[in-house]
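Have a look at the structure below, then the notes.
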Amino acid sequence: MKILFHSVKLYFYFAPVLFITSIGITILLGSLNGINALALQNFFDGIEDAVLTSMVNNYLYIRFFLLAGVILGNIIIGGIVDMLYSAMDVKIRGALTSNIHLKASRLCPTHTENPEIYDSILKANGSIGGISGIVKNGIFIITSFIPYFIITGWYLVSLRPVLILAIFIIFVPVFATQLFRKNIASEWHDKSAPLSRQLHFYVDAITDVEYFKETRHLGGYLYFLQKIKQTFKKIAKLEWKESKHTNLLNFYNGVIVTLGYAGVILISFHSLMGGHISIGAFAAIFTSIRMMFGMMEQGFSKVGDLSNGVGSAKNYFLFMNLPERNGKKMTADFRQGIQIKDVSYAYPNSKQDCVKNISLDIKHKEVIAIVGENGAGKTTLARLLLGLYIPRDGVVSLFGMDTKKANMQSLYGTSSAIFQDYQRYKMTLRENVWISQTKSDKDVTDAVTKANALPRFSSSNKGIDTMLSRDFGGLDLSGGQWQRIAIARGIYRTHDLIVLDEPTAAIDPIEETNLYNQFVNISKDKTTIIITHRLGSAKIANKIIVMDKGSIVESGSHDELIKNNGLYANMFAIQAGWYAIERGSDENGRKNCL
């Protein structure tokens with residue numbers, strides 16, 4: 001009932017006119033269903049009088065048209081109810097989907113690293129149909145069945161009080177047993193969500209363009225196909241268990257309804273033979289009981305869908321009640337730069353810190369390079385600097401704003417970032433860049449030019465309005481070209497801090513160095529943080545931060561770190577050897593290397 005109440009509030013909030021109109025029309029439908037028994041008895045009594053008197057009077061025709069009007073009204077009103085509920089359903093589904101996306105945007109980004117939270121997002125999206133089913137079926141049961149039961153109950157009591165047992169014999173046990181379906185449906189949704197997510201990934205691995213070539217080339221197609229079959233079997237097993245329990249409940253309900261139906265007919269027949277009711281009343285009761293039986297079957301479906309909807313809809317409300325990342329609006333003071341003091345951080349469900357007791361002071365307009373081996377904690381540190389992640393211990397002060405206390409708008413409004421796992425939006429080049437700041441009216445051409453993202457397109461395309469997806473009749477780009485577009489996107493966004501998290505992995509070292517030099521020129525009077533594993537590119541920074549196993553082990557300029565002959569110097573020497581190319585020998589027989 002709590003879930004039904006909150007679901008109804010959502011419907012009333014998003015579609016008040018449709019909701020109130022639907023309730024009124026549905027009450028009318030239920031009332032007409034109840035009046036149907038009265039109209040039937042009235043008509044059958046008229047036929048009985050006509051047979052006994054061998055005379056058809058005008059009242060019989062009036063009774064006939066009254067009955068026909070009730071039946072026709074049921075058909076018309078039923079159609080209007082279906083139309084209203086369909087219109088309301090479309091509107092509410094869109095509103096609930098938007099609600100989920102807005103809620104997700106207010107959650108801490110760390111939640112995406114937690115599988116349980118990720119599952120809750122998936123289940124919340126799947127619960128929209130459940131909420132729709134709860135409201136439609138719940139409101140229909142309350143506003144249609146209750147008026148029908150009241151009118152039919154009053155009618156049966158007026159004929160003979162014992163006939164009221166018909167309602168209790170048929171309906172009460174059914175409603176009681178259907179409540180068990182809620183727990184069955186809830187358990188199924190909880191267990192199937194992670195399996196559905198796995199299945200979606202396995203299907204993408206053999207059908208999506210992103211995976212297609214590599215999966216085929218490596219011979220992984222059959223492996224993923226086997227994983228799909230295995231996951232299907234697990235889902236099917238869960239569905240079989242849920243279906244078995246549900247159908248057993250339906251069987252028990254069917255037995256109860258059938259026995260109740262037979263009992264009511266016997267009571268009615270006994271009342272007729274005892275002279276307590278007329279032949280017309282008996283015919284009306286008989287027909288009404290058949291109608292009641294039909295409504296009971298409809299009730300099976302409605303109550304069953306309602307129970308299933310409750311099991312699904314609870315996931316929406318659980319998701320919407322997740323704690324949000326709150327904070328107050330703060331104003332950045334860029335003169336204060338960025339300070340990190342005794343910061344530690346561990347990902348959800350991880351017992352090991354990936355950033356350990358780090359302290360760092362970055363002055364505004366300074367160019368900082370963060371280097372280290374894979375897994376050293378570079379990217380995590382960058383996300384802490386941006387305020388994406390909240391430190392477990394310690395304080396991150398971004399331009400005078402404590403990232404634990406400031407709201408996300410205050411933090412994100414000061415920065416731009418280009419991550420190594422950038423997105424490839426299936427839109428035009430212009431839209432791919434403009435999406436980083438949609439409220440801006442700046443021309444994206446300048447950012448595209450600075451990132452050198454346009455010249456590699458063929459002369460036959462539409463320039464900056466070229467569609468970047470073969471799915472929509474556009475171009476398919478290389479990894480390096482997509483990286484340039486990601487860089488243009490980061491440049492376009494208004495910022496006082498820009499973080500470059502190894503966005504140039506698909507670009508050769510020489511071009512990478514040139515691009516980073518461009519960044520330094522572009523980002524004059526801005527704070528720039530470069531994360532790279534290519535140490536040759538780090539030389540342009542004012543200060544280089546060397547990380548190892550989540551800690552800062554060295555810091556200083558390139559020359560200072562080389563003189564220290566520590567981890568940085570060792571890594572630099574190793575990488576220099578990667579790019580050494582023999583250029584022949586000089587007159588003394590010594591080899592020249594580049």
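Each chain in the structure tokens gets a letter, A, B and so on, in the order shown; residues start at 1 in every chain, and ligands are counted from 1 in the order they appear.
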
Which segment 367-462 of chain A residues have any atom within 7 Å of an atom of segment 537-545 of chain A, and for each, what is the nearest pair of atoms with distance in Å to one decimal, counting only C-alpha atoms, rows sorted by chain and number, as a tab-separated table?
```
residue	atom	partner	partner_atom	distance
A:Val367	CA	A:Ala541	CA	4.9
A:Ile368	CA	A:Lys543	CA	5.1
A:Ala369	CA	A:Ile544	CA	4.7
A:Ile370	CA	A:Ile545	CA	4.7
A:Val371	CA	A:Ile545	CA	6.2
```

Residue contacts of Ile277 of chain A (12 Å, only C-alpha atoms) excluding same-chain residues fewer than 4 positions away, as number ranges by chain: A: 41, 45, 155-161, 163, 267-273, 281-285

Asp361 of chain A surroundings by only C-alpha atoms, 9 Å radius, close-in-sequence under 3 positions cut, as a PyMOL selection string: chain A and resi 337-341

Nearest-residue call for Ser31 of chain A, choices A:Thr152, A:Ile206, A:Ala104, A:Gly490, using only C-alpha atoms: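 Under the stated criterion, the closest residue is A:Thr152.
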
Shortest interatomic distance to Lys365 of chain A - which of A:Thr528, A:Thr428, A:Ser344, A:Gln423, counting only C-alpha atoms: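 Among the listed residues, the smallest separation from Lys365 of chain A belongs to A:Thr528.
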
Atom pair atom CA of Ile25 of chain A / atom CA of Val81 of chain A: separation (Å):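 One can read the atom CA of Ile25 of chain A to atom CA of Val81 of chain A distance as 6.5 Å.
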
Test item: residues at most 10 Å from His364 of chain A, only C-alpha atoms, excluding those fewer than 5 positions along its chain, as a VMD selection string: chain A and resid 333 to 338 399 496 to 497 525 to 528

Option closest in space to Leu84 of chain A, from A:Ala15, A:Leu468, A:Val51, A:Leu107 [counting only C-alpha atoms]: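 So, comparing all the options, the nearest one is A:Ala15.
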
Surrounding residues of Gly377 of chain A excluding itself and chain neighbours under 2 positions, 7 Å, only C-alpha atoms, as a PyMOL selection string: chain A and resi 354-355+375+379-381+549-550

Which of segment 452-561 of chain A DSSP labels strand (DSSP E or B), written as a PyMOL selection string: chain A and resi 467+497-501+527-531+543-548+551-556

Long-range neighbours of Arg534 of chain A as a PyMOL selection string, 10 Å cut-off, only C-alpha atoms, 4 positions minimum in chain: chain A and resi 371-373+502+504-505+509+512-513+538-539+571-572+575-576

Keeping only C-alpha atoms, write those residues as a PDB file, in the first residue's frame.
```pdb
ATOM      1  CA  VAL A 371      53.536  10.237 -13.964  1.00  0.00           C
ATOM      2  CA  GLY A 372      53.919   6.663 -12.829  1.00  0.00           C
ATOM      3  CA  GLU A 373      53.334   3.085 -13.827  1.00  0.00           C
ATOM      4  CA  GLU A 502      46.387  10.242 -20.943  1.00  0.00           C
ATOM      5  CA  THR A 504      46.809  10.876 -26.402  1.00  0.00           C
ATOM      6  CA  ALA A 505      47.490   7.135 -26.146  1.00  0.00           C
ATOM      7  CA  PRO A 509      55.043  10.375 -29.144  1.00  0.00           C
ATOM      8  CA  GLU A 512      51.829  13.939 -28.362  1.00  0.00           C
ATOM      9  CA  THR A 513      54.647  16.277 -27.329  1.00  0.00           C
ATOM     10  CA  ALA A 538      56.177  15.520 -18.968  1.00  0.00           C
ATOM     11  CA  LYS A 539      59.219  17.770 -19.455  1.00  0.00           C
ATOM     12  CA  MET A 571      61.814   5.151 -15.925  1.00  0.00           C
ATOM     13  CA  PHE A 572      62.983   7.933 -18.252  1.00  0.00           C
ATOM     14  CA  GLN A 575      61.555   4.792 -22.107  1.00  0.00           C
ATOM     15  CA  ALA A 576      64.324   6.614 -23.961  1.00  0.00           C
TER      16      ALA A 576
END
```

Contact residues around Lys91 of chain A with only C-alpha atoms at 10 Å, ignoring same-chain residues under 5 positions, as a list of chain:residue names: A:Tyr11, A:Phe14, A:Ala15, A:Leu18, A:Tyr85, A:Ser86, A:Leu96

For the selection you just gave me, I'd like the residues written to a file as a tab-separated table (two decimals), in the first residue's frame, keeping N, CA and C atoms.
```
chain	number	residue	atom	x	y	z
A	11	TYR	N	1.97	9.85	-10.29
A	11	TYR	CA	1.03	10.02	-11.41
A	11	TYR	C	0.28	11.34	-11.28
A	14	PHE	N	2.69	14.32	-12.11
A	14	PHE	CA	3.11	14.50	-13.50
A	14	PHE	C	1.95	14.64	-14.48
A	15	ALA	N	0.78	14.09	-14.15
A	15	ALA	CA	-0.35	14.16	-15.08
A	15	ALA	C	-1.66	14.32	-14.30
A	18	LEU	N	-5.14	14.21	-16.51
A	18	LEU	CA	-5.40	12.86	-17.01
A	18	LEU	C	-5.73	11.91	-15.86
A	85	TYR	N	-5.79	5.79	-20.09
A	85	TYR	CA	-4.68	5.14	-19.40
A	85	TYR	C	-3.45	5.03	-20.31
A	86	SER	N	-3.67	4.80	-21.60
A	86	SER	CA	-2.54	4.72	-22.53
A	86	SER	C	-1.83	6.06	-22.65
A	96	LEU	N	9.20	9.57	-15.55
A	96	LEU	CA	9.96	8.72	-14.62
A	96	LEU	C	11.36	8.45	-15.15
```

Members of segment 244-417 of chain A assigned alpha helix (DSSP H) by DSSP, as a ChimeraX atom specification: /A:244-273,279-320,378-386,408-412

Atom CA of Gly536 of chain A to atom CA of Ala376 of chain A, straight-line distance in Å: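 We find that atom CA of Ala376 of chain A and atom CA of Gly536 of chain A lie 18.3 Å from each other.
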
Point-to-point distance in Å for atom CA of Thr532 of chain A and atom CA of Asp559 of chain A: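 Going from atom CA of Asp559 of chain A over to atom CA of Thr532 of chain A covers 17.6 Å.
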